[in-house]
Every structure is written in C-alpha cells, then in structure tokens.
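Pasted below: entry-v4.cif, mmCIF, C-alpha atoms and all ligand atoms.
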```
data_input
#
loop_
_atom_site.label_atom_id
_atom_site.label_comp_id
_atom_site.auth_asym_id
_atom_site.auth_seq_id
_atom_site.Cartn_x
_atom_site.Cartn_y
_atom_site.Cartn_z
CA MET C 648 79.32 109.91 99.06
CA THR C 649 79.79 106.40 97.70
CA ALA C 650 83.37 105.55 96.93
CA PRO C 651 84.00 103.45 93.83
CA GLY C 652 86.55 100.67 93.52
CA LEU C 653 89.24 101.05 90.87
CA THR C 654 90.79 98.64 88.41
CA LEU C 655 94.03 99.40 86.64
CA CYS C 656 95.14 97.01 83.92
CA GLY C 657 97.80 97.14 81.26
CA ASP C 658 101.25 98.54 80.62
CA LEU C 659 102.56 101.85 81.91
CA THR C 660 105.14 103.87 79.99
CA MET C 661 107.26 106.85 81.00
CA ALA C 662 108.47 109.23 78.29
CA GLY C 663 107.65 106.53 75.75
CA ALA C 664 109.74 103.80 77.47
CA PRO C 665 108.22 100.80 79.30
CA LEU C 666 107.86 101.39 83.05
CA LEU C 667 105.53 98.70 84.45
CA ARG C 668 104.18 95.81 82.41
CA GLY C 669 101.20 93.59 82.99
CA LEU C 670 99.52 95.60 85.72
CA ALA C 671 96.31 94.05 87.04
CA LEU C 672 95.38 95.97 90.16
CA SER C 673 91.91 95.78 91.65
CA MET C 674 91.44 98.35 94.42
CA PRO C 675 88.30 97.65 96.44
CA ALA C 676 85.70 100.33 97.12
CA GLY C 677 86.01 102.03 100.50
CA GLN C 678 89.24 100.24 101.41
CA TRP C 679 92.96 101.04 101.52
CA SER C 680 95.12 99.59 98.74
CA CYS C 681 98.86 99.84 99.09
CA LEU C 682 101.61 100.19 96.47
CA LEU C 683 105.13 99.25 97.53
CA GLY C 684 108.29 98.73 95.53
CA PRO C 685 111.81 99.94 94.97
CA SER C 686 112.55 103.60 94.34
CA GLY C 687 111.83 104.63 90.76
CA ILE C 688 109.63 101.62 89.95
CA GLY C 689 106.59 103.79 89.20
CA LYS C 690 104.49 104.07 92.40
CA SER C 691 103.99 107.84 92.21
CA THR C 692 103.35 107.56 88.49
CA ILE C 693 100.39 105.29 89.24
CA GLY C 694 99.23 107.83 91.85
CA ARG C 695 99.45 110.63 89.29
CA LEU C 696 97.62 108.52 86.72
CA ILE C 697 94.77 107.86 89.17
CA GLY C 698 94.76 111.54 90.17
CA GLY C 699 94.56 112.59 86.53
CA LEU C 700 97.68 114.72 86.87
CA PRO C 701 99.68 115.55 83.76
CA GLY C 702 103.05 113.95 83.16
CA ALA C 703 105.20 112.02 80.72
CA HIS C 704 103.41 108.77 81.51
CA GLY C 705 101.09 106.77 79.31
CA LEU C 706 98.86 103.75 79.84
CA THR C 707 98.13 101.04 77.29
CA GLY C 708 95.18 99.47 79.02
CA SER C 709 92.46 100.78 81.26
CA LEU C 710 91.81 102.61 84.50
CA ARG C 711 88.17 102.27 85.51
CA ALA C 712 85.93 103.11 88.43
CA SER C 713 83.55 100.34 89.51
CA ASP C 714 80.52 102.64 89.12
CA GLY C 715 81.38 103.26 85.47
CA GLN C 716 81.65 107.02 86.03
CA PRO C 717 84.75 109.05 85.05
CA LEU C 718 87.34 109.53 87.80
CA ALA C 719 87.99 113.18 86.92
CA GLY C 720 87.16 115.46 89.83
CA ARG C 721 86.72 112.55 92.26
CA VAL C 722 90.34 112.06 93.37
CA ALA C 723 92.20 114.05 96.04
CA MET C 724 95.99 113.81 96.33
CA VAL C 725 98.14 114.19 99.45
CA ALA C 726 101.83 114.34 98.60
CA GLN C 727 104.89 113.73 100.74
CA ASP C 728 105.86 117.36 101.15
CA GLY C 729 102.26 118.54 101.42
CA GLN C 730 102.89 121.07 98.64
CA LEU C 731 101.47 123.91 100.74
CA LEU C 732 101.55 127.55 99.70
CA PRO C 733 104.16 129.22 101.92
CA TRP C 734 102.56 132.67 101.72
CA ALA C 735 99.00 131.59 102.61
CA ASP C 736 97.73 130.88 106.11
CA LEU C 737 96.25 127.49 106.96
CA VAL C 738 92.69 128.40 106.02
CA GLY C 739 93.99 129.84 102.73
CA ASN C 740 95.87 126.60 102.07
CA VAL C 741 92.92 124.37 102.85
CA THR C 742 90.58 126.39 100.61
CA ILE C 743 92.96 126.80 97.68
CA GLY C 744 90.90 124.42 95.49
CA ALA C 745 87.81 126.63 95.67
CA ARG C 746 89.88 129.77 95.06
CA LEU C 747 91.50 128.23 91.98
CA ARG C 748 88.07 127.20 90.66
CA GLY C 749 86.76 130.71 91.28
CA THR C 750 84.09 129.46 93.70
CA ARG C 751 83.35 130.78 97.20
CA PRO C 752 85.66 129.05 99.72
CA ASP C 753 83.89 127.39 102.66
CA LEU C 754 85.91 129.03 105.43
CA ALA C 755 83.81 127.57 108.24
CA ARG C 756 84.35 124.03 106.99
CA ALA C 757 88.08 124.68 106.57
CA ARG C 758 88.28 125.83 110.20
CA SER C 759 86.22 122.87 111.35
CA LEU C 760 88.45 120.39 109.49
CA LEU C 761 91.58 122.01 110.88
CA ALA C 762 90.07 121.72 114.37
CA ASP C 763 89.17 118.06 113.77
CA LEU C 764 92.78 117.43 112.86
CA GLY C 765 94.07 119.04 116.06
CA LEU C 766 95.06 122.40 114.55
CA ARG C 767 92.56 124.66 116.33
CA GLY C 768 94.16 128.01 117.15
CA LEU C 769 96.79 127.69 114.41
CA GLU C 770 94.53 128.73 111.51
CA GLY C 771 96.30 132.06 110.97
CA ARG C 772 99.80 130.60 110.77
CA ARG C 773 101.85 130.09 107.62
CA PRO C 774 103.16 126.56 106.79
CA GLY C 775 106.70 127.66 107.74
CA GLU C 776 105.46 128.16 111.31
CA LEU C 777 104.33 124.53 111.68
CA SER C 778 106.00 121.22 112.45
CA GLY C 779 106.23 118.55 109.75
CA GLY C 780 103.35 116.61 111.30
CA GLN C 781 101.19 119.73 111.46
CA ARG C 782 101.92 120.50 107.80
CA GLN C 783 100.88 116.95 106.90
CA ARG C 784 97.58 117.49 108.69
CA VAL C 785 96.96 120.70 106.73
CA ALA C 786 97.57 118.75 103.50
CA LEU C 787 95.09 116.14 104.68
CA ALA C 788 92.51 118.84 105.52
CA ARG C 789 92.99 120.31 102.04
CA ALA C 790 92.26 116.90 100.53
CA LEU C 791 89.25 116.32 102.83
CA ILE C 792 87.56 119.63 102.05
CA GLU C 793 87.26 118.52 98.43
CA ASP C 794 85.16 115.60 99.72
CA CYS C 795 86.52 113.26 97.08
CA PRO C 796 85.61 109.59 97.36
CA VAL C 797 89.08 108.52 96.18
CA VAL C 798 92.23 109.71 97.98
CA VAL C 799 95.85 109.06 96.94
CA LEU C 800 98.31 109.28 99.84
CA ASP C 801 101.75 109.49 98.21
CA GLU C 802 104.36 109.06 100.95
CA ALA C 803 102.09 111.29 102.99
CA PHE C 804 103.59 110.25 106.34
CA SER C 805 107.19 109.58 105.35
CA ALA C 806 108.66 112.82 106.74
CA LEU C 807 107.36 112.09 110.23
CA ASP C 808 109.11 110.48 113.19
CA ALA C 809 107.99 106.92 113.97
CA ALA C 810 105.65 107.82 116.85
CA THR C 811 103.99 110.78 115.09
CA ARG C 812 103.60 108.59 112.02
CA LEU C 813 101.57 106.05 114.00
CA THR C 814 99.32 108.83 115.35
CA MET C 815 98.85 110.31 111.88
CA GLN C 816 98.05 106.90 110.41
CA ASP C 817 95.37 106.32 113.05
CA MET C 818 93.91 109.75 112.42
CA ALA C 819 93.93 109.22 108.64
CA ALA C 820 92.13 105.88 109.06
CA ARG C 821 89.45 107.69 111.06
CA VAL C 822 88.93 110.69 108.78
CA LEU C 823 89.17 108.71 105.53
CA ALA C 824 86.83 105.89 106.58
CA GLY C 825 84.59 104.84 103.70
CA ARG C 826 86.81 106.33 101.01
CA THR C 827 88.87 104.38 98.53
CA VAL C 828 92.47 105.11 99.51
CA ILE C 829 95.60 104.38 97.48
CA LEU C 830 98.53 104.34 99.88
CA ILE C 831 101.96 104.78 98.29
CA THR C 832 104.68 104.03 100.79
CA HIS C 833 108.23 102.80 101.36
CA ASP C 834 107.41 101.67 104.86
CA PRO C 835 106.52 97.97 105.28
CA LEU C 836 104.98 98.63 108.72
CA GLU C 837 102.74 101.35 107.29
CA ALA C 838 101.59 98.95 104.56
CA VAL C 839 100.92 96.16 107.05
CA ARG C 840 99.12 98.42 109.57
CA MET C 841 96.95 100.33 107.15
CA ALA C 842 96.19 98.38 103.99
CA HIS C 843 93.37 95.97 103.27
CA CYS C 844 95.22 94.81 100.17
CA GLY C 845 98.26 95.81 98.18
CA TRP C 846 100.99 94.95 95.74
CA LEU C 847 104.73 94.82 95.55
CA LEU C 848 105.60 96.34 92.18
CA GLU C 849 108.34 95.00 89.94
CA LYS C 850 108.98 95.93 86.33
CA ASP C 851 107.37 92.83 84.84
CA ALA C 852 105.51 91.39 87.81
CA THR C 853 103.11 92.51 90.48
CA GLN C 854 102.98 90.43 93.63
CA PRO C 855 100.05 90.72 96.03
CA LEU C 856 100.97 91.59 99.62
CA HIS C 857 100.23 89.05 102.34
CA LEU C 858 98.47 91.09 105.00
CA PRO C 859 96.90 90.01 108.28
CA ASP C 860 93.18 89.34 108.10
CA THR C 861 92.32 91.78 110.92
CA PRO C 862 90.73 95.25 111.01
CA THR C 863 92.88 98.30 110.26
CA PRO C 864 94.74 100.22 111.58
CA ARG C 865 96.47 97.15 112.99
CA ASP C 866 98.39 97.09 116.23
CA TYR C 867 102.09 97.18 115.39
CA ARG C 868 102.76 94.90 118.37
CA ALA C 869 100.53 92.08 117.13
CA PRO C 870 102.63 89.02 116.21
CA ALA C 871 100.87 88.67 112.83
CA VAL C 872 101.70 92.31 112.02
CA GLN C 873 105.33 91.91 113.03
CA ARG C 874 105.67 88.71 110.97
CA ALA C 875 104.09 90.32 107.90
CA GLN C 876 106.33 93.39 108.30
CA ALA C 877 109.48 91.26 108.54
CA ASP C 878 108.48 89.18 105.49
CA LEU C 879 107.78 92.31 103.47
CA LEU C 880 111.04 93.93 104.51
CA ALA C 881 112.92 90.77 103.45
CA GLN C 882 111.16 90.84 100.06
CA LEU C 883 112.03 94.52 99.56
CA HIS C 884 115.62 93.94 100.71
CA GLY C 885 115.94 91.17 98.13
CA MET C 886 114.92 93.60 95.38
CA VAL C 887 117.70 96.13 96.11
CA PRO C 888 120.89 95.34 94.14
CA ALA C 889 123.84 94.49 96.47
N1 LIG C 901 108.76 113.64 83.57
C1 LIG C 901 109.52 112.52 83.53
N2 LIG C 901 110.24 112.23 82.44
C2 LIG C 901 110.99 111.11 82.37
N3 LIG C 901 111.07 110.21 83.37
C3 LIG C 901 110.38 110.46 84.48
C4 LIG C 901 109.57 111.62 84.63
N4 LIG C 901 108.99 111.58 85.85
C5 LIG C 901 109.42 110.44 86.44
N5 LIG C 901 110.26 109.77 85.63
C6 LIG C 901 110.89 108.47 85.91
O1 LIG C 901 109.84 107.51 86.00
C7 LIG C 901 110.21 106.49 86.93
C8 LIG C 901 109.09 106.29 87.92
O2 LIG C 901 109.02 107.41 88.79
P1 LIG C 901 108.08 107.39 90.07
O3 LIG C 901 108.21 108.73 90.70
O4 LIG C 901 106.74 106.92 89.67
O5 LIG C 901 108.79 106.27 90.95
P2 LIG C 901 108.50 105.85 92.47
O6 LIG C 901 108.34 104.37 92.48
O7 LIG C 901 107.38 106.65 93.02
O8 LIG C 901 109.88 106.26 93.14
P3 LIG C 901 110.22 106.76 94.63
O9 LIG C 901 109.92 105.59 95.52
O10 LIG C 901 111.70 107.03 94.55
O11 LIG C 901 109.39 107.97 94.91
C9 LIG C 901 111.53 106.93 87.56
O12 LIG C 901 112.58 106.20 86.98
C10 LIG C 901 111.63 108.40 87.22
O13 LIG C 901 112.98 108.78 87.08
#
```
Show me, as structure tokens, the structure contained in the file I just sent.
Amino acid sequence: MTAPGLTLCGDLTMAGAPLLRGLALSMPAGQWSCLLGPSGIGKSTIGRLIGGLPGAHGLTGSLRASDGQPLAGRVAMVAQDGQLLPWADLVGNVTIGARLRGTRPDLARARSLLADLGLRGLEGRRPGELSGGQRQRVALARALIEDCPVVVLDEAFSALDAATRLTMQDMAARVLAGRTVILITHDPLEAVRMAHCGWLLEKDATQPLHLPDTPTPRDYRAPAVQRAQADLLAQLHGMVPA
C-alpha cells in the first residue's frame, strides 16, 4: 500500500454560505497532518470532504491525491464517539464494512487486529461492555481492516483521560505508520506530539503550525514540545471571544 499525499485548495461552503476561504493545505504522503481551530470553524467538514461523506458542504476548488487517482474507497474515518453498532459484538463491528458491501468478512483478520490493539479475549463483547478507550480501539481496528492508505482521525482520542490518550496516540502512531493521516483535534499537546505538519484554521486565513523538528510521537516532557504546546494554546486562546 502506497499512501498518497493530499492537496486541498479553494473555498469551502456549508449550506451555501461561506465556511472557510482560501484553503491551501498540502498534506504529505505517509505523514500526519493536523487541523486545529475554534469550535465550528469547519475541521470535521474538511474530514468529511476528504472521506467523501455526504453533507451540506461544498468546495469551490480542488481536493487531489498526489498519485492522481480518485480518493473514493481509499479513506477510512475514525470519529470521536467511534460510531459502533451497540447490538453487534466487537468482531461484528470491525467487519461491518464487508457486511455492508455484501462481501465475506475476514473474521480471522478482525480477531488479529483486535488482539494487536490489546483487546484479545473481548471479541464477543458488545460496545456497551467496554471502556471508552477500548471502544476507541475497536473503531481504530474497524478503520485498519479496510486497509485504506488515508485515515481521518476526527477527535478520535478526545473522550479519553490524559494518560490513556497518550497510550492510544503512541499505539495509533505504530499501527498507522506509512499512512497519510489527517488528525482533527482540539488538543494542542496532541497536535504537537503527533503531527508532522498542520494548520490553525480561521475563516479567512490558515496559519501553519510551528512544530518541533523531531520524530513523532514526541515526548510530552521535551522542552521544545512544551514550548510549542504553550504557544499553540496561547494562539487558540486568543481566537476565543472574551
Ligand atoms: N448539515 C449542516 N447544515 C448546516 N450547517 C452545518 C451542517 N453541518 C455542520 N454545520 C455547521 O458547519 C460549521 C462547521 O462544522 P464542523 O463540524 O466542521 O466544525 P468543527 O470545526 O469540526 O467544530 P467542533 O470543533 O465543534 O467539532 C458549524 O458552524 C456547523 O454548525
């Protein structure tokens, strides 16, 4: 699997009204690109656009993969709440894509992915019998089984406590290595730990993030990480009306 880079240029609308103008985002192949910005600015809308999900949004401009091939069928999404099926067990949740397509689900691979993500022995449980962190791992397994080269993580770790979040971020970096990841987050530390590049979104401007030039996932204790986190938090704080 070779992951393409993505470029998104132009103006985004929501229900016919302007949402984000002058986008010029270049998301490198096989790396993590982060989208940050105030609530309601349009981060998830960009995720849905990349994922090809329907909605009231429109783009005047272009969204292209660097290999020139269509993106359809090559993007997996992991959402904040995991969007698991409450009545299906974990294997049923992980294999839902195949079932919906009417193809034979790969049950062995589903079990193997669940085991890789630390969920061995829980395969027969329903999502309601799991912790929030375990549910997030099931959502990640469901994205991984599709073997898509592009993965959108939309607030995928936001429901977790701080320590579990760090563990999940490290695990995601490991299992998603080589894929092009779009990380949508509210958390400046998550952006600074995980992203190779990123942008702070504003209605009419897109500012690149200043991230440490070190390998990811970065150590949250490193002075450069702490400085970048504080600077980003100050920028975000300045964008919230008093
Ligand atoms: N179907 C819709 N019809 C009209 N407006 C919508 C629709 N879906 C979303 N919006 C609006 O589009 C804007 C962008 O929403 P989006 O979910 O992309 O923001 P976000 O930056 O991800 O926000 P948050 O950080 O709060 O999740 C918001 O103002 C939202 O109210």
> Within 9 Å of stretch 754-768 of chain C, counting all atoms listed in the file, which residues qualify if same-chain residues fewer than 6 places away don't, as a PyMOL selection string?
Replying inline: chain C and resi 737-739+741-742+781+784-785+787-789+791-792+818+822
Please write the residues from the selection above to a file, keeping C-alpha atoms, as a CSV table (one decimal), in the frame of the given file.
```
chain,number,residue,atom,x,y,z
C,737,LEU,CA,96.2,127.5,107.0
C,738,VAL,CA,92.7,128.4,106.0
C,739,GLY,CA,94.0,129.8,102.7
C,741,VAL,CA,92.9,124.4,102.8
C,742,THR,CA,90.6,126.4,100.6
C,781,GLN,CA,101.2,119.7,111.5
C,784,ARG,CA,97.6,117.5,108.7
C,785,VAL,CA,97.0,120.7,106.7
C,787,LEU,CA,95.1,116.1,104.7
C,788,ALA,CA,92.5,118.8,105.5
C,789,ARG,CA,93.0,120.3,102.0
C,791,LEU,CA,89.2,116.3,102.8
C,792,ILE,CA,87.6,119.6,102.0
C,818,MET,CA,93.9,109.8,112.4
C,822,VAL,CA,88.9,110.7,108.8
```
> Which residues come within 9 Å of C:Val872, counting all atoms listed in the file, excluding same-chain residues fewer than 3 positions away, as a PyMOL selection string?
Replying inline: chain C and resi 836+839-840+858-859+865-869+875-877
>> Could you tell me how far atom CA of C:Ser691 sits from atom CA of C:Arg772, in Å to one decimal place?
In response: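 Separation of atom CA of C:Arg772 and atom CA of C:Ser691: 29.7 Å.
Straight-line separation from atom CA of C:Leu659 to atom CA of C:Gly699: 14.2 Å.
Checking C:Asp834, C:Glu770, C:Glu776, C:Asp851 one by one against ligand LIG 901 (chain C), counting only C-alpha atoms and all ligand atoms, you find the shortest gap at C:Asp834.
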> Mind listing the residues within 10 Å of ligand LIG 901 (chain C), all atoms listed in the file counted, as a ChimeraX atom specification?
Replying inline: /C:659-667,682-696,701-704,727,801-802,831-833,848-849
Saved selection, atoms kept: C-alpha atoms, as a CSV table (one decimal), in the frame of the given file:
```csv
chain,number,residue,atom,x,y,z
C,659,LEU,CA,102.6,101.8,81.9
C,660,THR,CA,105.1,103.9,80.0
C,661,MET,CA,107.3,106.8,81.0
C,662,ALA,CA,108.5,109.2,78.3
C,663,GLY,CA,107.6,106.5,75.8
C,664,ALA,CA,109.7,103.8,77.5
C,665,PRO,CA,108.2,100.8,79.3
C,666,LEU,CA,107.9,101.4,83.0
C,667,LEU,CA,105.5,98.7,84.4
C,682,LEU,CA,101.6,100.2,96.5
C,683,LEU,CA,105.1,99.2,97.5
C,684,GLY,CA,108.3,98.7,95.5
C,685,PRO,CA,111.8,99.9,95.0
C,686,SER,CA,112.6,103.6,94.3
C,687,GLY,CA,111.8,104.6,90.8
C,688,ILE,CA,109.6,101.6,90.0
C,689,GLY,CA,106.6,103.8,89.2
C,690,LYS,CA,104.5,104.1,92.4
C,691,SER,CA,104.0,107.8,92.2
C,692,THR,CA,103.4,107.6,88.5
C,693,ILE,CA,100.4,105.3,89.2
C,694,GLY,CA,99.2,107.8,91.8
C,695,ARG,CA,99.4,110.6,89.3
C,696,LEU,CA,97.6,108.5,86.7
C,701,PRO,CA,99.7,115.6,83.8
C,702,GLY,CA,103.0,114.0,83.2
C,703,ALA,CA,105.2,112.0,80.7
C,704,HIS,CA,103.4,108.8,81.5
C,727,GLN,CA,104.9,113.7,100.7
C,801,ASP,CA,101.8,109.5,98.2
C,802,GLU,CA,104.4,109.1,101.0
C,831,ILE,CA,102.0,104.8,98.3
C,832,THR,CA,104.7,104.0,100.8
C,833,HIS,CA,108.2,102.8,101.4
C,848,LEU,CA,105.6,96.3,92.2
C,849,GLU,CA,108.3,95.0,89.9
```
> How many Å lie between atom CA of C:Ala842 and atom CA of C:Ile829, rounded to one decimal?
Replying inline: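 Those two atoms sit 8.9 Å apart.
When only C-alpha atoms are used to compute distances to C:Cys844, the closest of the residues C:Ser713, C:Ser673, C:Thr649, C:Gln882 turns out to be C:Ser673.
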